[in-house]
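Shown next: data-v2.tsv, containing TSV, C-alpha atoms and all ligand atoms.
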chain	number	residue	atom	x	y	z
A	1275	MET	CA	91.37	114.21	139.09
A	1276	HIS	CA	94.87	113.53	137.78
A	1277	GLU	CA	93.86	109.96	136.93
A	1278	PHE	CA	92.61	111.13	133.55
A	1279	SER	CA	95.93	112.47	132.31
A	1280	LEU	CA	97.78	109.47	133.72
A	1281	CYS	CA	95.28	107.20	132.04
A	1282	GLN	CA	95.71	109.01	128.74
A	1283	GLU	CA	99.37	107.96	128.79
A	1284	ILE	CA	98.45	104.40	129.63
A	1285	VAL	CA	95.87	104.18	126.85
A	1286	THR	CA	98.31	105.67	124.33
A	1287	ALA	CA	100.85	103.01	125.31
A	1288	VAL	CA	98.22	100.26	125.11
A	1289	LEU	CA	97.12	101.33	121.64
A	1290	SER	CA	100.66	101.46	120.30
A	1291	GLU	CA	101.34	97.98	121.74
A	1292	MET	CA	98.17	96.71	120.07
A	1293	GLU	CA	99.38	98.11	116.76
A	1294	LYS	CA	102.63	96.19	117.11
A	1295	VAL	CA	100.70	92.91	117.41
A	1296	GLY	CA	99.55	93.50	113.85
A	1297	SER	CA	97.13	90.65	113.31
A	1298	PRO	CA	93.53	91.22	114.33
A	1299	CYS	CA	93.08	90.69	118.03
A	1300	ARG	CA	90.94	91.74	120.89
A	1301	LEU	CA	92.23	93.21	124.13
A	1302	ILE	CA	90.89	91.40	127.17
A	1303	LYS	CA	92.75	92.94	130.07
A	1304	THR	CA	95.34	95.59	130.77
A	1305	THR	CA	97.42	95.37	133.92
A	1306	VAL	CA	99.05	98.50	135.26
A	1307	THR	CA	101.51	98.74	138.14
A	1308	ALA	CA	101.08	101.88	140.20
A	1309	GLY	CA	103.06	102.94	143.26
A	1310	LYS	CA	101.14	104.19	146.28
A	1311	LEU	CA	102.95	107.52	146.13
A	1312	ARG	CA	101.14	108.20	142.87
A	1313	GLN	CA	98.02	108.49	145.00
A	1314	ILE	CA	95.87	106.88	142.38
A	1315	VAL	CA	92.31	105.99	143.18
A	1316	PRO	CA	91.81	102.72	141.27
A	1317	GLU	CA	88.09	103.42	140.73
A	1318	TYR	CA	88.88	106.76	139.07
A	1319	LEU	CA	91.53	105.16	136.93
A	1320	THR	CA	89.14	102.42	135.84
A	1321	PHE	CA	86.50	105.00	135.00
A	1322	ALA	CA	89.00	107.07	133.01
A	1323	TYR	CA	90.16	103.93	131.23
A	1324	GLU	CA	86.63	102.99	130.17
A	1325	THR	CA	86.01	106.50	128.89
A	1326	LEU	CA	89.31	106.79	127.02
A	1327	THR	CA	89.19	103.37	125.37
A	1328	LYS	CA	85.69	103.95	124.04
A	1329	ASP	CA	85.61	103.67	120.23
A	1330	THR	CA	89.17	102.34	120.14
A	1331	ILE	CA	90.52	98.84	119.54
A	1332	ALA	CA	90.78	98.47	123.32
A	1333	GLU	CA	87.12	99.12	123.99
A	1334	GLY	CA	85.52	96.60	126.33
A	1335	SER	CA	88.76	95.48	127.95
A	1336	THR	CA	89.19	95.66	131.67
A	1337	LEU	CA	91.85	97.46	133.64
A	1338	GLU	CA	93.58	95.92	136.61
A	1339	VAL	CA	95.65	98.10	138.90
A	1340	GLU	CA	98.40	96.53	140.97
A	1341	VAL	CA	99.32	98.84	143.81
A	1342	VAL	CA	102.95	98.81	144.93
A	1343	PRO	CA	103.49	99.71	148.61
A	1344	ILE	CA	105.82	102.49	149.68
A	1345	VAL	CA	109.13	101.07	150.85
A	1346	ILE	CA	111.81	103.29	152.32
A	1347	LYS	CA	115.37	102.70	153.47
A	1348	CYS	CA	116.92	104.70	156.25
A	1349	LEU	CA	120.34	106.09	155.45
A	1350	GLN	CA	121.02	106.66	159.14
A	1351	CYS	CA	120.40	103.22	160.70
A	1352	GLY	CA	119.78	101.04	157.66
A	1353	TRP	CA	116.19	100.13	158.53
A	1354	SER	CA	114.07	99.33	155.54
A	1355	GLY	CA	110.41	98.55	155.23
A	1356	GLU	CA	106.91	99.41	154.21
A	1357	VAL	CA	105.38	102.67	155.38
A	1358	GLU	CA	101.94	104.18	155.19
A	1359	GLY	CA	100.75	107.50	153.92
A	1360	ASN	CA	102.37	110.59	155.31
A	1361	TYR	CA	105.24	108.95	157.16
A	1362	PHE	CA	107.23	107.90	154.15
A	1363	PHE	CA	109.82	110.58	154.79
A	1364	GLN	CA	110.66	109.36	158.29
A	1365	CYS	CA	112.41	106.24	159.53
A	1366	VAL	CA	110.21	104.09	161.78
A	1367	GLU	CA	113.18	103.02	163.92
A	1368	CYS	CA	115.27	106.12	164.53
A	1369	LYS	CA	112.95	108.88	163.25
A	1370	SER	CA	115.60	110.13	160.88
A	1371	ASN	CA	114.50	112.08	157.83
A	1372	LYS	CA	117.44	110.82	155.81
A	1373	VAL	CA	115.56	108.15	153.95
A	1374	GLU	CA	115.61	106.84	150.44
A	1375	ILE	CA	112.43	105.82	148.67
A	1376	MET	CA	112.92	102.30	147.30
A	1377	SER	CA	109.50	101.79	145.75
A	1378	GLY	CA	106.09	103.40	145.50
A	1379	LYS	CA	106.75	105.90	142.72
A	1380	GLU	CA	106.39	103.56	139.74
A	1381	LEU	CA	103.70	103.70	137.13
A	1382	TYR	CA	103.91	101.48	134.11
A	1383	LEU	CA	102.09	99.13	131.82
A	1384	LYS	CA	102.75	95.64	133.12
A	1385	ASN	CA	100.82	93.30	130.91
A	1386	LEU	CA	98.30	93.08	128.09
A	1387	GLU	CA	96.08	90.07	127.67
A	1388	VAL	CA	94.95	89.71	124.08
A	1389	GLU	CA	92.84	87.23	122.23
A	1390	LYS	CA	93.53	86.57	118.59
A	1391	ASP	CA	90.63	86.71	116.21
A	1392	GLU	CA	90.31	83.52	114.22
B	1	ZN	ZN	116.64	104.91	160.81

Kindly return the structure encoded in the file as structure tokens.
Ligand SMILES: [Zn+2]
Amino acid sequence: MHEFSLCQEIVTAVLSEMEKVGSPCRLIKTTVTAGKLRQIVPEYLTFAYETLTKDTIAEGSTLEVEVVPIVIKCLQCGWSGEVEGNYFFQCVECKSNKVEIMSGKELYLKNLEVEKDE
């Protein structure tokens, strides 16, 4: 389950962002963008997130995972589009293996929704 180590990085980033806010606030929601090539199971990531944020300032917040589809571009014929699963290395049009991966590899913290304590 590689979600745990990935999530550790996310939580570390979240906590350092929360520190930057300074004033007392509560984290409501964390949004993460994850490419399909990362092969993340959102349920595992959510579970890891809940476990890792326990007893931290981020405890009780929810995690939302935005999955980015795999998009490739063929260097042979110029075709570009979304592909599924194991065929990301092959052009749909001309079956060439000379393809460039345009998206699907990303993993980053997209947004934090915080609520200031009065
Ligand atoms: Zn092609």

Item to check | Within 12 Å of file point (96.2, 96.9, 131.3), counting only C-alpha atoms, expressed as a PyMOL selection string | outcome: chain A and resi 1281+1283-1289+1291-1292+1301-1308+1319-1320+1323-1324+1327+1332-1340+1381-1388

Would you compute an axis-aligned box for segment 1325-1337 of chain A, covering every atom listed for it in the file with 5 Å of margin on each side, and report centre and edge lengths in Å to one decimal as JSON?
{"center_x": 88.7, "center_y": 101.1, "center_z": 126.6, "size_x": 16.3, "size_y": 21.3, "size_z": 24.1}

Next on the checklist: Just to confirm, what's the straight-line distance from atom CA of Val1295 of chain A to atom CA of Asp1329 of chain A in Å (one decimal)?
Outcome noted: 18.7 Å

Checklist entry - Could you state the separation of atom CA of Glu1380 of chain A and atom CA of Gly1309 of chain A in Å, given to one decimal place? => result 4.9 Å

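Nearest to ligand ZN 1 (chain B) of all the residues A:Glu1277, A:Glu1356, A:Glu1367, A:Asp1391 is A:Glu1367, based on all atoms listed in the file.
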
Checklist entry - Of the residues A:Gly1355, A:Gly1296, A:Pro1316, A:Pro1343, which is the one nearest to ligand ZN 1 (chain B), using all atoms listed in the file? => result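 When distances to ligand ZN 1 (chain B) are compared using all atoms listed in the file, the smallest one comes from A:Gly1355.
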
At most 9 Å from ligand ZN 1 (chain B) (only C-alpha atoms and all ligand atoms): residue list as a PDB file with C-alpha atoms, in the coordinates of the input:
ATOM      1  CA  LYS A1347     115.370 102.700 153.470  1.00  0.00           C
ATOM      2  CA  CYS A1348     116.920 104.700 156.250  1.00  0.00           C
ATOM      3  CA  LEU A1349     120.340 106.090 155.450  1.00  0.00           C
ATOM      4  CA  GLN A1350     121.020 106.660 159.140  1.00  0.00           C
ATOM      5  CA  CYS A1351     120.400 103.220 160.700  1.00  0.00           C
ATOM      6  CA  GLY A1352     119.780 101.040 157.660  1.00  0.00           C
ATOM      7  CA  TRP A1353     116.190 100.130 158.530  1.00  0.00           C
ATOM      8  CA  SER A1354     114.070  99.330 155.540  1.00  0.00           C
ATOM      9  CA  GLN A1364     110.660 109.360 158.290  1.00  0.00           C
ATOM     10  CA  CYS A1365     112.410 106.240 159.530  1.00  0.00           C
ATOM     11  CA  VAL A1366     110.210 104.090 161.780  1.00  0.00           C
ATOM     12  CA  GLU A1367     113.180 103.020 163.920  1.00  0.00           C
ATOM     13  CA  CYS A1368     115.270 106.120 164.530  1.00  0.00           C
ATOM     14  CA  LYS A1369     112.950 108.880 163.250  1.00  0.00           C
ATOM     15  CA  SER A1370     115.600 110.130 160.880  1.00  0.00           C
ATOM     16  CA  ASN A1371     114.500 112.080 157.830  1.00  0.00           C
ATOM     17  CA  LYS A1372     117.440 110.820 155.810  1.00  0.00           C
ATOM     18  CA  VAL A1373     115.560 108.150 153.950  1.00  0.00           C
TER      19      VAL A1373
END

Checklist entry - With only C-alpha atoms as the atoms that count, which of A:Ile1331, A:Ile1346, A:Leu1311, A:Ala1322 lies nearest to Gly1378 of chain A? => result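 Ranked by minimum distance to Gly1378 of chain A, first place goes to A:Leu1311.
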
Item to check | Distance of atom CA of Thr1330 of chain A from atom CA of Ser1279 of chain A, expressed in Å to one decimal place | outcome: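 Interatomic distance, atom CA of Ser1279 of chain A to atom CA of Thr1330 of chain A: 17.2 Å.
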
Checklist outcome for this item: Judged by only C-alpha atoms, the minimum distance to Glu1358 of chain A among A:Gln1313, A:Tyr1318, A:Glu1293, A:Cys1299 is found for A:Gln1313

Could you add the missing atoms to segment 1296-1327 of chain A, up to N, CA and C atoms, and return them as a PDB file, in the frame of the given file?
ATOM      1  N   GLY A1296      99.809  93.628 115.274  1.00  0.00           N
ATOM      2  CA  GLY A1296      99.550  93.500 113.850  1.00  0.00           C
ATOM      3  C   GLY A1296      98.281  92.760 113.507  1.00  0.00           C
ATOM      4  N   SER A1297      98.302  91.450 113.671  1.00  0.00           N
ATOM      5  CA  SER A1297      97.130  90.650 113.310  1.00  0.00           C
ATOM      6  C   SER A1297      95.917  91.035 114.152  1.00  0.00           C
ATOM      7  N   PRO A1298      94.728  90.803 113.608  1.00  0.00           N
ATOM      8  CA  PRO A1298      93.530  91.220 114.330  1.00  0.00           C
ATOM      9  C   PRO A1298      93.416  90.518 115.677  1.00  0.00           C
ATOM     10  N   CYS A1299      93.234  91.284 116.715  1.00  0.00           N
ATOM     11  CA  CYS A1299      93.080  90.690 118.030  1.00  0.00           C
ATOM     12  C   CYS A1299      92.242  91.604 118.911  1.00  0.00           C
ATOM     13  N   ARG A1300      91.804  91.026 119.985  1.00  0.00           N
ATOM     14  CA  ARG A1300      90.940  91.740 120.890  1.00  0.00           C
ATOM     15  C   ARG A1300      91.654  91.854 122.240  1.00  0.00           C
ATOM     16  N   LEU A1301      91.597  93.020 122.821  1.00  0.00           N
ATOM     17  CA  LEU A1301      92.230  93.210 124.130  1.00  0.00           C
ATOM     18  C   LEU A1301      91.253  92.776 125.212  1.00  0.00           C
ATOM     19  N   ILE A1302      91.733  91.907 126.082  1.00  0.00           N
ATOM     20  CA  ILE A1302      90.890  91.400 127.170  1.00  0.00           C
ATOM     21  C   ILE A1302      91.143  92.210 128.442  1.00  0.00           C
ATOM     22  N   LYS A1303      92.424  92.305 128.794  1.00  0.00           N
ATOM     23  CA  LYS A1303      92.750  92.940 130.070  1.00  0.00           C
ATOM     24  C   LYS A1303      94.086  93.671 130.013  1.00  0.00           C
ATOM     25  N   THR A1304      94.107  94.818 130.634  1.00  0.00           N
ATOM     26  CA  THR A1304      95.340  95.590 130.770  1.00  0.00           C
ATOM     27  C   THR A1304      95.716  95.613 132.243  1.00  0.00           C
ATOM     28  N   THR A1305      96.968  95.305 132.535  1.00  0.00           N
ATOM     29  CA  THR A1305      97.420  95.370 133.920  1.00  0.00           C
ATOM     30  C   THR A1305      98.438  96.494 134.057  1.00  0.00           C
ATOM     31  N   VAL A1306      98.184  97.355 135.022  1.00  0.00           N
ATOM     32  CA  VAL A1306      99.050  98.500 135.260  1.00  0.00           C
ATOM     33  C   VAL A1306      99.610  98.399 136.680  1.00  0.00           C
ATOM     34  N   THR A1307     100.889  98.707 136.823  1.00  0.00           N
ATOM     35  CA  THR A1307     101.510  98.740 138.140  1.00  0.00           C
ATOM     36  C   THR A1307     101.621 100.187 138.574  1.00  0.00           C
ATOM     37  N   ALA A1308     101.079 100.493 139.719  1.00  0.00           N
ATOM     38  CA  ALA A1308     101.080 101.880 140.200  1.00  0.00           C
ATOM     39  C   ALA A1308     101.546 101.947 141.647  1.00  0.00           C
ATOM     40  N   GLY A1309     102.559 102.732 141.908  1.00  0.00           N
ATOM     41  CA  GLY A1309     103.060 102.940 143.260  1.00  0.00           C
ATOM     42  C   GLY A1309     102.077 103.764 144.073  1.00  0.00           C
ATOM     43  N   LYS A1310     102.059 103.492 145.382  1.00  0.00           N
ATOM     44  CA  LYS A1310     101.140 104.190 146.280  1.00  0.00           C
ATOM     45  C   LYS A1310     101.367 105.698 146.312  1.00  0.00           C
ATOM     46  N   LEU A1311     102.630 106.097 146.103  1.00  0.00           N
ATOM     47  CA  LEU A1311     102.950 107.520 146.130  1.00  0.00           C
ATOM     48  C   LEU A1311     102.272 108.287 144.992  1.00  0.00           C
ATOM     49  N   ARG A1312     101.845 107.568 143.981  1.00  0.00           N
ATOM     50  CA  ARG A1312     101.140 108.200 142.870  1.00  0.00           C
ATOM     51  C   ARG A1312      99.743 108.646 143.275  1.00  0.00           C
ATOM     52  N   GLN A1313      99.326 108.151 144.436  1.00  0.00           N
ATOM     53  CA  GLN A1313      98.020 108.490 145.000  1.00  0.00           C
ATOM     54  C   GLN A1313      96.880 108.320 143.989  1.00  0.00           C
ATOM     55  N   ILE A1314      96.902 107.178 143.357  1.00  0.00           N
ATOM     56  CA  ILE A1314      95.870 106.880 142.380  1.00  0.00           C
ATOM     57  C   ILE A1314      94.689 106.206 143.052  1.00  0.00           C
ATOM     58  N   VAL A1315      93.510 106.660 142.720  1.00  0.00           N
ATOM     59  CA  VAL A1315      92.310 105.990 143.180  1.00  0.00           C
ATOM     60  C   VAL A1315      91.919 105.013 142.082  1.00  0.00           C
ATOM     61  N   PRO A1316      92.055 103.702 142.340  1.00  0.00           N
ATOM     62  CA  PRO A1316      91.810 102.720 141.270  1.00  0.00           C
ATOM     63  C   PRO A1316      90.449 102.892 140.574  1.00  0.00           C
ATOM     64  N   GLU A1317      89.424 103.251 141.327  1.00  0.00           N
ATOM     65  CA  GLU A1317      88.090 103.420 140.730  1.00  0.00           C
ATOM     66  C   GLU A1317      88.096 104.552 139.696  1.00  0.00           C
ATOM     67  N   TYR A1318      88.786 105.626 140.002  1.00  0.00           N
ATOM     68  CA  TYR A1318      88.880 106.760 139.070  1.00  0.00           C
ATOM     69  C   TYR A1318      89.635 106.354 137.823  1.00  0.00           C
ATOM     70  N   LEU A1319      90.711 105.585 138.048  1.00  0.00           N
ATOM     71  CA  LEU A1319      91.530 105.160 136.930  1.00  0.00           C
ATOM     72  C   LEU A1319      90.737 104.229 136.009  1.00  0.00           C
ATOM     73  N   THR A1320      89.980 103.331 136.613  1.00  0.00           N
ATOM     74  CA  THR A1320      89.140 102.420 135.840  1.00  0.00           C
ATOM     75  C   THR A1320      88.110 103.191 135.035  1.00  0.00           C
ATOM     76  N   PHE A1321      87.500 104.179 135.672  1.00  0.00           N
ATOM     77  CA  PHE A1321      86.500 105.000 135.000  1.00  0.00           C
ATOM     78  C   PHE A1321      87.126 105.759 133.824  1.00  0.00           C
ATOM     79  N   ALA A1322      88.296 106.335 134.060  1.00  0.00           N
ATOM     80  CA  ALA A1322      89.000 107.070 133.010  1.00  0.00           C
ATOM     81  C   ALA A1322      89.361 106.132 131.864  1.00  0.00           C
ATOM     82  N   TYR A1323      89.769 104.923 132.229  1.00  0.00           N
ATOM     83  CA  TYR A1323      90.160 103.930 131.230  1.00  0.00           C
ATOM     84  C   TYR A1323      88.982 103.571 130.328  1.00  0.00           C
ATOM     85  N   GLU A1324      87.828 103.334 130.952  1.00  0.00           N
ATOM     86  CA  GLU A1324      86.630 102.990 130.170  1.00  0.00           C
ATOM     87  C   GLU A1324      86.245 104.111 129.219  1.00  0.00           C
ATOM     88  N   THR A1325      86.364 105.337 129.700  1.00  0.00           N
ATOM     89  CA  THR A1325      86.010 106.500 128.890  1.00  0.00           C
ATOM     90  C   THR A1325      86.992 106.667 127.722  1.00  0.00           C
ATOM     91  N   LEU A1326      88.285 106.526 128.026  1.00  0.00           N
ATOM     92  CA  LEU A1326      89.310 106.790 127.020  1.00  0.00           C
ATOM     93  C   LEU A1326      89.473 105.678 125.985  1.00  0.00           C
ATOM     94  N   THR A1327      89.045 104.467 126.337  1.00  0.00           N
ATOM     95  CA  THR A1327      89.190 103.370 125.370  1.00  0.00           C
ATOM     96  C   THR A1327      87.953 103.231 124.490  1.00  0.00           C
TER      97      THR A1327
END
